[in-house]
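Beneath this line is the structure, given in structure tokens, with notes to follow.
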Amino acid sequence: MTKHDAKNMTRRGVLAGGGSLVVGFSLLSRALAQEGEVQGVTPPKEPRPKLPGSLSGAPLLDSWIRIDANGEITVFTGKAELGQGVKTAIIQVAAEELEVDPAAVRLVTADTGRTPDEGYTAGSQSMQNSGTAVRHAAAQVRDILIAQAATRWQIPIDGLRAENGKVVRIDGQALDYGALVSGETLHVEAVPQTRLKPQGSFRVMGQSLPRVDIPAKVTGTPIYVQDMRLPNMVHARVVRPPRPGATLTNLDSAAVERMPGVVAVVRNGSFLAVAAEREFQAIRAMQALEAAAQWSEGTRLPDPDGFVASLKTFPAQQGVVAERGGGGAATAAKTFQATFTRPYQIHGSIGPSCAVALLENGTTTVWSHTQGVYPDRRAISEMLGVAPEQVRVIHVEGSGCYGHNGADDAAADAALVAQAVPGRPVRLQWMREQEHVWEPYGPAMLTELRASIDETGRIVDWNYDLWSNTHTTRPGPAGSLIAARSLPNPFPPQPVKLTISPAGNGDRNAVPLYTVPNLRVIWHFLPDMPLRVSALRALGAYVNVFAIESAMDELALMANVDPVEFRLRHMEDPRGRAVIEAAAEGFGWSGDPLPEGRGRGFAFARYKNLAAYLAMAIEMEVDRETGRSRMTRVVAAIDSGEVVNPDGIRNQTEGGIIQAASWTLYEAVAFEETGITSIDWSSYPIMRFGAVPESMDIRIMDRPGQPFLGTGEAAQGPTAAAIGNAIRHATGRRLYDIPFRAEKVKAAIGV
Amino acid sequence: MAVTLTVNGTTRQVDADPDTPLLYVLRDHLELNGAKYGCGIGQCGSCTVMVDGTAVLSCVTPVLLLEGRKVTTVEGLGTLDAPGPMQQAFIEQQAAQCGYCIPGMMMRAQALLQANPDADEAAIRTHLEPNLCRCGTHMRIIKAVMRAGELMRQNSQSGGAT
Amino acid sequence: MKTFLRILAGLALLLVIGVAAFAAYAWRSEIDPVDPPAQAGLDPALVARGSDLAAIGNCNVCHTAPGGETFAGGLGIPTPFGTIYSTNITPDPETGIGRWSEAAFLRSMREGVDREGRHLYPAFPYDHYTLVTDEDNRALYAFLMSRKPVRAQAPENELPFPLNMRMLLAGWKALYFREGAFQPDPNRSAEWNRGRYLTEGLSHCGACHTPRNRFGAEQRELHLAGAEVENWTAYAINAASPAPIPWNAESLAFYLRHGWHQEHGVSRGPMAPVTANLGSVPEEDARAIATYLADLMGEPNQERQTRAEAARAAIREEGGAPRPVQAGASGSGIGEAIYVSACEGCHDGRRPLPFGGLNLHLSTAVNGPNPQNIINVVLFGLPGAKGEPSAMMPAYRGVLNEDQLVALLDYMRERFSDLPAWTDTRERVAQTMGGERKVTVYRMDGTTQAPPESSMRTTPWP
């Protein structure tokens with residue numbers, strides 16, 4: 001969002017900006033056609049040439065870049081700013097190829113009324129998909145403009161160059177971009193071949209351009225959906241049952257309706273909410289409604305004692321993730337075997353989920369911090385029983401995302417309340433307790449690993465079994481929304497199915513990237529979900545890398561080889577080797593003894609085995625008396641392909657490490673059979689400043705000319721493993737069950 | 001009930017129920033966005049503002065306690081066009097990811113540096129303990145607060161206001 | 001004149017003889033230094049028992065400085081006479097007790113004398129530790145010798161002359177110290193005797209819970225009758241216990257193990273590390289302490305039982321929707337207004353402890369002899385334990401002014417207790433807000449029973 005936008009986030013500003021663009025916008029039909037494909041409508045017959053990134057789904061150049069007669073440049077991305085800095089990075093690639101100043105680029109992010117359908121902003125793919133599309137579109141637009149100028153001047157294009165928003169001739173004559181575009185100039189399909197700017201000529205890419213969103217964030221400028229304040233807006237709160245499956249059996253809301261400021265009590269089946277003029281009035285009314293509502297018992301949760309271990313007894317489908325070789329066991333000299341677990345964990349955004357919705361003229365507009373405006377529109381329209389065109393979902397930033405959190409559900413809640421107060425914008429925010437209890441969790445997982453080395457210390461055999469739910473129950477179908485499940489005719493949750501894909505899901509990174517001749521990896525897919533789960537940053541990669549990299553350390557010990565050296569001996573991928581070597585060198589990795597209570601840990605992974613490479617070395621201190629442990633020093637090396645914004649990569653990586661350290665050291669959802677009991681930061685503690693490392697050094701491997709690989713999820717798995725390995729080094733004890741709270745570490749150490 | 005309080009240097013009269021937390025008075029009545037709702041029970045610090053120079057959790061502070069008191073929010077530290085030293089330091093250090101917790105961090109840090117302009121890194125870490133960040137921006141936040149201290153010291157040496 | 005001189009000379013002689021006799025009486029021999037025992041040679045079973053005993057003895061609480069290493073000493077312990085710094089009890093040969101033989105360690109526990117023969121200040125509670133058996137002392141010694149040696153020199157004590165003369169402590173001991181191991185009462189159960197042994201000995205509960213005389217000695221006639229330590233009130237844990245719901249062995253054992261109890265609240269202040277330590281020891285030891293203390297408190301009389309029932313009834317009656325705030329920001333209703341708007345949301349007792357706030361009808365603090373603990377908690381809050389689930393409360397320093405806090409406390413006392421108003425509320429509020437009463441804020445471990453961290457003591461939250 002530009003400064004101007006941020007200052008004027010009023011209903012008029014927000015609506016007017018979009019309204020004019022929707023009319024006659026070529027994109028809409030394209031986007032709808034795409035949805036049709038998803039829903040099973042026959043795809044177009046002519047095979048299209050494969051275009052780079054998201055251009056393949058939205059090939060018209062003016063879906064991505066528009067230039068008006070005044071030379072104002074607007075770039076459209078279907079991706080959303082989640083705090084990862086993607087706006088800045090996309091502006092950088094656009095400005096680079098368009099040969100304009102970054103400040104001259106206006107960026108419009110995910111909005112079903114204006115931008116391409118790029119699915120979800122997830123999987124660290126914004127730069128691969130949207131960054132690539134915008135870059136190629138920008139380069140092609142630049143060349144079209146140069147061609148236009150050549151035509152205008154009647155000269156060959158050879159002597160022309162684009163510079164600072166103009167096409168310039170050798171003799172210095174110039175034409176502004178605005179003068180070169182007419183109505184249909186950019187309304188053309190992208191071509192497969194793009195003339196990208198050559199290496200070494202970059203002005204903007206590869207620079208740490210300051211993030212465009214930060215000034216607003218540090219001055220209290222309204223920029224979050226939580227900050228939206230539209231004229232005549234009401235504040236709403238939802239009332240949830242004590243546990244899933246409970247239905248509203250009895251409610252006398254008369255007294256609540258008489259409370260000051262209350263505009264409406266909305267009851268629709270077991271969906272219950274209240275809207276009031278003022279926010280605190282809505283909260284008071286919500287509390288009164290909670291006290292008045294009576295619910296059926298609902299679904300009992302499983303017995304928490306030994307729950308994670310019991311995952312192995314759940315009904316399961318088996319999926320072979322990878323299988324090669326066979327018979328390695330014959331040469332096996334030493335074997336490492338272990339079980340690793342992780343409990344349910346939360347996204348835990350600091351700001352609870354929020355949305356604003358308005359029903360006006362038969363169209364429901366929803367402002368949401370969803371990761372996927374188009375899928376969310378599909379789900380909300382299905383829930384409301386209206387055509388998708390009657391719902392518009394606009395992304396507005398929220399508090400940190402980290403995966404499928406409560407955003408989509410809050411959007412659905414707001415949309416439902418909006419139906420009860422047509423013409424009035426409804427701002428609905430969840431309470432802290434609702435966020436902790438009702439967001440979909442990162443699934444609990446159990447994995448078993450058995451690996452062997454031969455006499456020479458080479459890995460000869462690798463068996464890995466993982467038990468996990470799906471990690472994706474995102475919207476698309478209405479049944480993914482809590483509100484839709486609460487209606488008088490509830491939408492059922494979408495049935496889940498086992499799918500093995502290259503990028504992986506629960507099985508993400510389940511296959512080691514190391515050279516292993518004999519290998520078998522199985523996903524025991526668990527369809528039953530006693531607790532609601534979905535995507536949490538890195539999906540299964542967090543646990544799978546933890547297990548693999550813990551095993552690598554143990555195998556190195558068995559082989560009597562330094563753990564870094566052991567990894568290098570089994571790593572052929574030169575980029576993998578490069579980050580391992582860079583992290584080790586930057587850290588000053590050695591086998592020298594450390595003072596008592598200190599340990600080093602190393603870990604590596606290539607995210608999804610096809611995206612960013614990251615290796616890290618850490619030092620930890622472990623207090624033998626209390627079991628309390630803390631990372632003190634971190635050095636990581638990351639290769640996420642060609643670098644657009646080095647500081648952005650650094651920021652994301654630092655954050656990924658600290659967040660994953662918090663998961664690994666502290667975090668577990670607590671529950672009893674009657675409900676979730678970790679409902680705030682006292683019952684679900686996360687890392688505070690006192691436990692933050694003393695130093696953190698992120699080294700970036702620039703790979704000019706290589707594809708963008710994404711950054712946001714490269715660090716999670718390696719962080720868990722590096723912590724486990726450092727505790728092992730400090731104490732001689734390996735921990736297998738996340739989180740490594742002090743009590744558990746102390747129990748492992750003994751007296 | 002009408003409560004009179006000074007917010008960012010301006011005297012404001014607010015008609016709110018006396019038990020209304022300051023957070024909602026700031027956001028809903030005065031249309032200021034710096035203080036954020038995070039937990040509502042004083043556990044995360046995203047609602048932190050200063051009251052008479054001390055960091056206070058606005059979500060658990062009923063407005064009835066604030067009659068005649070001086071409240072400062074992040075809007076009182078500077079503007080987009082003229083950011084104050086704390087804001088300038090956070091921009092310089094790029095100390096935000098989603099940024100939701102950042103105004104609360106800045107207000108707690110501001111209270112520390114006003115009371116102790118020479119606060120060192122250890123003091124900053126201890127002082128910021130009540131405030132949570134989920135994106136993991138901690139390293140940058142610490143650097144930004146140290147930088148803000150530098151800027152404030154420079155300003156006060158050159159006679160500028162802090 | 002001559003006679004006078006003679007008398008004078010006689011007196012001088014007597015004085016010299018007296019001083020010499022006292023010196024002879026006070027003198028303790030040095031026990032020869034030894035090389036620190038090899039850690040590998042220590043009996044693991046003995047070390048493990050010593051670990052539990054050290055937790056019961058709360059050695060880590062005093063012998064760990066803020067941010068320092070466990071057992072390395074250096075914590076300043078404020079006393080009415082000056083500040084005494086705890087010593088390094090790691091096996092470091094230069095700065096710790098690495099050169100102490102087992103005999104030297106046993107003597108220090110039994111007699112309050114260090115290896116060199118110097119008398120120790122009773123901040124080291126040898127008036128309790130003297131009861132510890134040789135067997136337990138040997139386990140404690142083995143445990144301490146198995147720790148990581150930490151080189152850390154404790155600061156010099158800050159005591160004025162003549163209190164810095166250690167020899168004088170022999171006189172103190174003659175007056176107040178009874179040396180000797182624990183003698184079980186054959187008429188009582190083994191559990192009761194175990195509880196008494198731990199409570200009066202290693203756990204040294206009386207060090208905080210028994211008031212001291214002006215020479216710093218525990219007043220025997222007021223055994224466990226409650227006292228003030230470091231500006232926290234340690235409540236009476238004898239028959240005079242102010243708890244609205246009388247303790248019994250069951251509830252006490254739970255509280256000591258978990259750091260909270262549904263009808264009593266959460267452990268905080270200097271009690272927090274004690275309950276954190278007891279969370280890690282064998283359950284039967286915590287239970288034994290509870291059994292003995294419950295016996296000391298005795299069966300509650302009719303009046304206390306009636307009060308308990310009244311408290312429970314009041315909670316049942318009040319259960320319901322939140323109360324509207326009637327009063328304004330000033331005037332006589334201000335205490336109620338503050339309570340209802342700032343406190344009741346958590347303290348309505350709807351959410352179970354330890355994460356929910358205690359309904360104050362159950363609060364020992366509100367029914368205690370003074371409001372100090374409530375003042376401390378309201379001003380400085382309860383910070384959450386690091387990375388472990390625990391009770392939390394926000395700090396209200398910076399929000400409440402003196403008048404408002406006094407009004408709030410008066411209201412709490414009036415509403416939640418049938419005892420007369422406190423008389424020193426304003427003075428205590430002013431002294432605490434002004435920093436004259438220094439308050440250490442403890443992190444707490446509500447549920448996890450993890451051993452306390454090295455830096456349990458923190459500065460107050462801003």
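By order in the structure tokens, chains are A, B, ...; within a chain, residues start at 1; ligands start at 1, following the order shown.
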Which residues come within 7 Å of A:Asn164, counting only C-alpha atoms, excluding same-chain residues fewer than 6 positions away, as an mmCIF file with C-alpha atoms, in the first residue's frame?
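What follows is the written file result19.cif:
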```cif
data_model
loop_
_atom_site.group_PDB
_atom_site.id
_atom_site.type_symbol
_atom_site.label_atom_id
_atom_site.label_comp_id
_atom_site.auth_asym_id
_atom_site.auth_seq_id
_atom_site.Cartn_x
_atom_site.Cartn_y
_atom_site.Cartn_z
ATOM 1 C CA GLU A 99 13.411 0.622 -16.039
ATOM 2 C CA VAL A 100 11.605 2.891 -13.609
ATOM 3 C CA ASP A 101 12.188 4.074 -10.095
#
```
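Inside stretch 11-102 of chain B, the residues DSSP reads as alpha helix (DSSP H) when given the backbone are Leu22, Leu23, Tyr24, Pro85, Met86, Gln87, Gln88, Ala89, Phe90, Ile91, Glu92 and Ile102 of chain B.
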Write the selection just made, keeping N, CA, C and O atoms, as an mmCIF file, in the first residue's frame?
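Below is the file that was written, selection31.cif:
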```cif
data_model
loop_
_atom_site.group_PDB
_atom_site.id
_atom_site.type_symbol
_atom_site.label_atom_id
_atom_site.label_comp_id
_atom_site.auth_asym_id
_atom_site.auth_seq_id
_atom_site.Cartn_x
_atom_site.Cartn_y
_atom_site.Cartn_z
ATOM 1 N N LEU B 22 -8.629 1.479 28.157
ATOM 2 C CA LEU B 22 -8.026 2.566 27.385
ATOM 3 C C LEU B 22 -7.850 2.182 25.922
ATOM 4 O O LEU B 22 -8.030 3.002 25.022
ATOM 5 N N LEU B 23 -7.514 0.921 25.667
ATOM 6 C CA LEU B 23 -7.301 0.457 24.296
ATOM 7 C C LEU B 23 -8.471 0.826 23.383
ATOM 8 O O LEU B 23 -8.276 1.318 22.272
ATOM 9 N N TYR B 24 -9.696 0.579 23.863
ATOM 10 C CA TYR B 24 -10.863 0.834 23.003
ATOM 11 C C TYR B 24 -11.179 2.307 22.931
ATOM 12 O O TYR B 24 -11.720 2.777 21.940
ATOM 13 N N PRO B 85 12.720 9.807 16.517
ATOM 14 C CA PRO B 85 13.927 8.966 16.549
ATOM 15 C C PRO B 85 13.624 7.482 16.707
ATOM 16 O O PRO B 85 14.285 6.647 16.079
ATOM 17 N N MET B 86 12.634 7.139 17.529
ATOM 18 C CA MET B 86 12.315 5.721 17.702
ATOM 19 C C MET B 86 11.823 5.140 16.375
ATOM 20 O O MET B 86 12.230 4.049 15.958
ATOM 21 N N GLN B 87 10.942 5.889 15.706
ATOM 22 C CA GLN B 87 10.397 5.409 14.426
ATOM 23 C C GLN B 87 11.476 5.347 13.349
ATOM 24 O O GLN B 87 11.564 4.373 12.597
ATOM 25 N N GLN B 88 12.316 6.389 13.344
ATOM 26 C CA GLN B 88 13.407 6.437 12.387
ATOM 27 C C GLN B 88 14.314 5.214 12.566
ATOM 28 O O GLN B 88 14.734 4.596 11.592
ATOM 29 N N ALA B 89 14.584 4.873 13.813
ATOM 30 C CA ALA B 89 15.473 3.738 14.089
ATOM 31 C C ALA B 89 14.849 2.427 13.621
ATOM 32 O O ALA B 89 15.527 1.569 13.053
ATOM 33 N N PHE B 90 13.554 2.264 13.833
ATOM 34 C CA PHE B 90 12.899 1.022 13.391
ATOM 35 C C PHE B 90 12.878 0.940 11.864
ATOM 36 O O PHE B 90 13.002 -0.147 11.299
ATOM 37 N N ILE B 91 12.719 2.083 11.208
ATOM 38 C CA ILE B 91 12.756 2.068 9.734
ATOM 39 C C ILE B 91 14.173 1.745 9.263
ATOM 40 O O ILE B 91 14.380 0.887 8.414
ATOM 41 N N GLU B 92 15.163 2.407 9.861
ATOM 42 C CA GLU B 92 16.560 2.165 9.484
ATOM 43 C C GLU B 92 16.927 0.703 9.610
ATOM 44 O O GLU B 92 17.595 0.135 8.759
ATOM 45 N N ILE B 102 4.828 -4.133 16.735
ATOM 46 C CA ILE B 102 5.898 -3.137 16.759
ATOM 47 C C ILE B 102 5.530 -1.841 17.509
ATOM 48 O O ILE B 102 6.327 -1.354 18.314
#
```
Show me, as number ranges by chain, the residues that have an atom within 8 Å of stretch 117-120 of chain A when counting only C-alpha atoms, minus same-chain residues fewer than 5 positions from it.
A: 31, 34, 54, 57-58, 77-79, 110, 112, 129-130, 371-375
Would you save the residues of that selection, restricted to all heavy atoms, as a compact mmCIF listing (two decimals), in the first residue's frame?
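Okay, result-v3.txt is ready:
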```txt
# COMPACT_ATOMS: atom_id res chain seq x y z
N ALA A 31 -10.09 -15.20 -14.71
CA ALA A 31 -10.01 -15.79 -13.38
C ALA A 31 -11.15 -16.78 -13.17
O ALA A 31 -10.96 -17.85 -12.62
CB ALA A 31 -10.08 -14.69 -12.33
N GLN A 34 -10.51 -19.97 -14.83
CA GLN A 34 -9.58 -20.77 -14.05
C GLN A 34 -10.29 -21.53 -12.96
O GLN A 34 -10.01 -22.69 -12.74
CB GLN A 34 -8.60 -19.83 -13.37
CG GLN A 34 -7.35 -19.64 -14.14
CD GLN A 34 -6.30 -19.09 -13.23
OE1 GLN A 34 -6.59 -18.24 -12.41
NE2 GLN A 34 -5.11 -19.59 -13.36
N SER A 54 3.35 -17.47 -12.69
CA SER A 54 1.89 -17.41 -12.76
C SER A 54 1.38 -16.85 -14.07
O SER A 54 0.16 -16.79 -14.28
CB SER A 54 1.36 -16.55 -11.61
OG SER A 54 1.68 -17.13 -10.37
N GLY A 57 -1.13 -19.02 -15.88
CA GLY A 57 -2.56 -19.02 -15.55
C GLY A 57 -3.25 -17.74 -15.97
O GLY A 57 -4.47 -17.69 -16.10
N ALA A 58 -2.51 -16.67 -16.15
CA ALA A 58 -3.08 -15.37 -16.49
C ALA A 58 -2.14 -14.69 -17.48
O ALA A 58 -1.34 -13.84 -17.13
CB ALA A 58 -3.24 -14.51 -15.24
N THR A 77 -0.59 -8.09 -8.31
CA THR A 77 -0.16 -9.43 -7.93
C THR A 77 -1.29 -10.10 -7.18
O THR A 77 -2.02 -9.44 -6.42
CB THR A 77 1.11 -9.42 -7.06
OG1 THR A 77 1.32 -10.74 -6.56
CG2 THR A 77 0.98 -8.48 -5.87
N GLY A 78 -1.44 -11.37 -7.42
CA GLY A 78 -2.45 -12.12 -6.69
C GLY A 78 -1.94 -12.57 -5.32
O GLY A 78 -2.66 -13.22 -4.57
N LYS A 79 -0.70 -12.24 -5.02
CA LYS A 79 -0.13 -12.62 -3.72
C LYS A 79 -0.36 -11.52 -2.71
O LYS A 79 -0.60 -10.37 -3.07
CB LYS A 79 1.38 -12.89 -3.87
CG LYS A 79 1.71 -14.02 -4.85
CD LYS A 79 1.24 -15.38 -4.35
CE LYS A 79 1.66 -16.49 -5.32
NZ LYS A 79 1.22 -17.82 -4.88
N ALA A 110 -3.56 -8.99 -3.80
CA ALA A 110 -4.68 -9.91 -3.90
C ALA A 110 -6.06 -9.28 -3.66
O ALA A 110 -6.36 -8.80 -2.58
CB ALA A 110 -4.46 -11.04 -2.89
N THR A 112 -10.05 -10.13 -5.46
CA THR A 112 -10.76 -10.88 -6.52
C THR A 112 -11.34 -9.94 -7.56
O THR A 112 -11.69 -10.38 -8.65
CB THR A 112 -11.90 -11.75 -5.95
OG1 THR A 112 -12.84 -10.91 -5.29
CG2 THR A 112 -11.36 -12.79 -4.97
N ASN A 129 6.26 -17.81 -8.17
CA ASN A 129 5.07 -17.66 -9.02
C ASN A 129 4.88 -16.22 -9.48
O ASN A 129 4.94 -15.91 -10.65
CB ASN A 129 3.81 -18.08 -8.26
CG ASN A 129 3.88 -19.54 -7.82
OD1 ASN A 129 4.74 -20.29 -8.28
ND2 ASN A 129 3.00 -19.92 -6.92
N SER A 130 4.65 -15.35 -8.50
CA SER A 130 4.26 -14.00 -8.85
C SER A 130 5.47 -13.15 -9.22
O SER A 130 5.43 -12.38 -10.18
CB SER A 130 3.52 -13.36 -7.67
OG SER A 130 2.72 -12.31 -8.13
N GLN A 371 -4.98 -15.91 3.07
CA GLN A 371 -3.87 -16.20 2.16
C GLN A 371 -4.34 -16.41 0.74
O GLN A 371 -3.53 -16.49 -0.17
CB GLN A 371 -3.12 -17.46 2.61
CG GLN A 371 -2.20 -17.25 3.78
CD GLN A 371 -1.54 -18.56 4.18
OE1 GLN A 371 -2.15 -19.39 4.82
NE2 GLN A 371 -0.29 -18.73 3.82
N GLY A 372 -5.65 -16.60 0.57
CA GLY A 372 -6.13 -16.89 -0.78
C GLY A 372 -7.47 -16.21 -1.03
O GLY A 372 -8.51 -16.74 -0.64
N VAL A 373 -7.46 -15.06 -1.69
CA VAL A 373 -8.73 -14.33 -1.88
C VAL A 373 -9.70 -15.11 -2.76
O VAL A 373 -10.90 -15.14 -2.49
CB VAL A 373 -8.50 -12.90 -2.42
CG1 VAL A 373 -7.93 -12.00 -1.35
CG2 VAL A 373 -7.61 -12.90 -3.66
N TYR A 374 -9.19 -15.76 -3.79
CA TYR A 374 -10.11 -16.48 -4.69
C TYR A 374 -10.70 -17.72 -4.02
O TYR A 374 -11.92 -17.93 -4.05
CB TYR A 374 -9.40 -16.82 -6.01
CG TYR A 374 -9.34 -15.64 -6.95
CD1 TYR A 374 -8.25 -14.79 -6.96
CD2 TYR A 374 -10.41 -15.36 -7.80
CE1 TYR A 374 -8.19 -13.69 -7.81
CE2 TYR A 374 -10.37 -14.27 -8.66
CZ TYR A 374 -9.26 -13.44 -8.66
OH TYR A 374 -9.22 -12.35 -9.49
N PRO A 375 -9.87 -18.58 -3.41
CA PRO A 375 -10.47 -19.74 -2.73
C PRO A 375 -11.42 -19.33 -1.60
O PRO A 375 -12.45 -19.96 -1.39
CB PRO A 375 -9.25 -20.48 -2.16
CG PRO A 375 -8.09 -20.02 -2.97
CD PRO A 375 -8.41 -18.61 -3.39
```
With only C-alpha atoms as the counted atoms, please give the residues lying no more than 10 Å from C:Val113, apart from itself and same-chain residues fewer than 3 positions off, as a VMD selection string.
chain C and resid 28 to 30 104 to 110 116 to 121 126 170
Please produce an output containing N, CA and C atoms for each residue in the selection, written as a PDB file, in the first residue's frame.
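Contents of result-v4.pdb, as written:
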```pdb
ATOM      1  N   ARG C  28      37.144 -22.283  66.769  1.00  0.00           N
ATOM      2  CA  ARG C  28      36.931 -23.579  66.134  1.00  0.00           C
ATOM      3  C   ARG C  28      38.148 -23.870  65.263  1.00  0.00           C
ATOM      4  N   SER C  29      38.557 -25.061  65.272  1.00  0.00           N
ATOM      5  CA  SER C  29      39.768 -25.408  64.530  1.00  0.00           C
ATOM      6  C   SER C  29      39.487 -25.395  63.025  1.00  0.00           C
ATOM      7  N   GLU C  30      40.546 -25.193  62.266  1.00  0.00           N
ATOM      8  CA  GLU C  30      40.437 -25.355  60.823  1.00  0.00           C
ATOM      9  C   GLU C  30      40.463 -26.850  60.505  1.00  0.00           C
ATOM     10  N   ALA C 104      34.229 -31.390  57.024  1.00  0.00           N
ATOM     11  CA  ALA C 104      34.067 -29.939  57.098  1.00  0.00           C
ATOM     12  C   ALA C 104      32.644 -29.547  56.710  1.00  0.00           C
ATOM     13  N   PHE C 105      32.128 -30.224  55.683  1.00  0.00           N
ATOM     14  CA  PHE C 105      30.752 -29.931  55.254  1.00  0.00           C
ATOM     15  C   PHE C 105      29.766 -30.297  56.364  1.00  0.00           C
ATOM     16  N   LEU C 106      29.956 -31.479  56.944  1.00  0.00           N
ATOM     17  CA  LEU C 106      29.047 -31.908  58.014  1.00  0.00           C
ATOM     18  C   LEU C 106      29.083 -30.923  59.179  1.00  0.00           C
ATOM     19  N   ARG C 107      30.313 -30.452  59.521  1.00  0.00           N
ATOM     20  CA  ARG C 107      30.418 -29.510  60.638  1.00  0.00           C
ATOM     21  C   ARG C 107      29.683 -28.202  60.321  1.00  0.00           C
ATOM     22  N   SER C 108      29.804 -27.755  59.075  1.00  0.00           N
ATOM     23  CA  SER C 108      29.134 -26.489  58.740  1.00  0.00           C
ATOM     24  C   SER C 108      27.619 -26.629  58.885  1.00  0.00           C
ATOM     25  N   MET C 109      27.101 -27.758  58.469  1.00  0.00           N
ATOM     26  CA  MET C 109      25.657 -27.971  58.569  1.00  0.00           C
ATOM     27  C   MET C 109      25.236 -28.121  60.037  1.00  0.00           C
ATOM     28  N   ARG C 110      26.051 -28.806  60.781  1.00  0.00           N
ATOM     29  CA  ARG C 110      25.689 -29.102  62.169  1.00  0.00           C
ATOM     30  C   ARG C 110      25.940 -27.916  63.099  1.00  0.00           C
ATOM     31  N   GLU C 116      37.513 -23.287  57.590  1.00  0.00           N
ATOM     32  CA  GLU C 116      38.609 -22.625  58.279  1.00  0.00           C
ATOM     33  C   GLU C 116      38.318 -22.432  59.757  1.00  0.00           C
ATOM     34  N   GLY C 117      37.101 -22.738  60.180  1.00  0.00           N
ATOM     35  CA  GLY C 117      36.769 -22.616  61.590  1.00  0.00           C
ATOM     36  C   GLY C 117      36.069 -21.314  61.941  1.00  0.00           C
ATOM     37  N   ARG C 118      35.701 -20.535  60.922  1.00  0.00           N
ATOM     38  CA  ARG C 118      35.021 -19.260  61.211  1.00  0.00           C
ATOM     39  C   ARG C 118      33.521 -19.492  61.398  1.00  0.00           C
ATOM     40  N   HIS C 119      32.960 -18.757  62.349  1.00  0.00           N
ATOM     41  CA  HIS C 119      31.522 -18.877  62.559  1.00  0.00           C
ATOM     42  C   HIS C 119      30.765 -18.282  61.377  1.00  0.00           C
ATOM     43  N   LEU C 120      29.670 -18.907  61.023  1.00  0.00           N
ATOM     44  CA  LEU C 120      28.866 -18.436  59.893  1.00  0.00           C
ATOM     45  C   LEU C 120      27.673 -17.638  60.408  1.00  0.00           C
ATOM     46  N   TYR C 121      27.285 -16.651  59.633  1.00  0.00           N
ATOM     47  CA  TYR C 121      26.094 -15.882  60.002  1.00  0.00           C
ATOM     48  C   TYR C 121      24.855 -16.757  59.841  1.00  0.00           C
ATOM     49  N   TYR C 126      21.732 -22.681  59.786  1.00  0.00           N
ATOM     50  CA  TYR C 126      22.220 -23.872  60.489  1.00  0.00           C
ATOM     51  C   TYR C 126      21.423 -24.143  61.754  1.00  0.00           C
ATOM     52  N   ALA C 170      29.651 -16.494  68.190  1.00  0.00           N
ATOM     53  CA  ALA C 170      29.654 -17.551  69.216  1.00  0.00           C
ATOM     54  C   ALA C 170      28.680 -17.178  70.323  1.00  0.00           C
TER      55      ALA C 170
END
```
Could you work out which residues of chain A fall inside 7 Å of chain B? Count only C-alpha atoms, and format the result as an MDAnalysis selection string.
chainID A and resid 82:84 210 214:222 227 278:280 349:352 399:400 432 654:656 658:659 681 688:690
Could you name the residues that touch A:Leu481 at 8 Å or less, counting only C-alpha atoms, but leaving out those on the same chain fewer than 4 positions away, as a list in words?
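Skipping anything fewer than 4 positions along the chain leaves Ala379, Asp408, Asp409, Ala412, Pro475 and Arg485 of chain A.
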Using only C-alpha atoms, I'd like a table of the residues in chain B that come within 7 Å of chain C; for each, show the closest atom pair and its distance in Å rounded to one decimal, ordered by chain and ascending number, as CSV.
```
residue,atom,partner,partner_atom,distance
B:Pro18,CA,C:Gly328,CA,6.7
B:Asp19,CA,C:Ser341,CA,4.8
B:Gly42,CA,C:Pro394,CA,5.2
B:Gln43,CA,C:Pro394,CA,6.8
B:Val51,CA,C:Gly398,CA,6.8
B:Thr54,CA,C:Gly398,CA,5.5
B:Ala55,CA,C:Gly398,CA,7.0
B:Val56,CA,C:Gly398,CA,6.3
B:Val60,CA,C:Ala342,CA,6.2
B:Thr61,CA,C:Ala342,CA,6.5
B:Pro62,CA,C:Ser341,CA,6.1
B:Leu64,CA,C:Ala329,CA,4.9
B:Leu65,CA,C:Ala329,CA,6.4
B:His127,CA,C:Pro462,CA,6.6
```
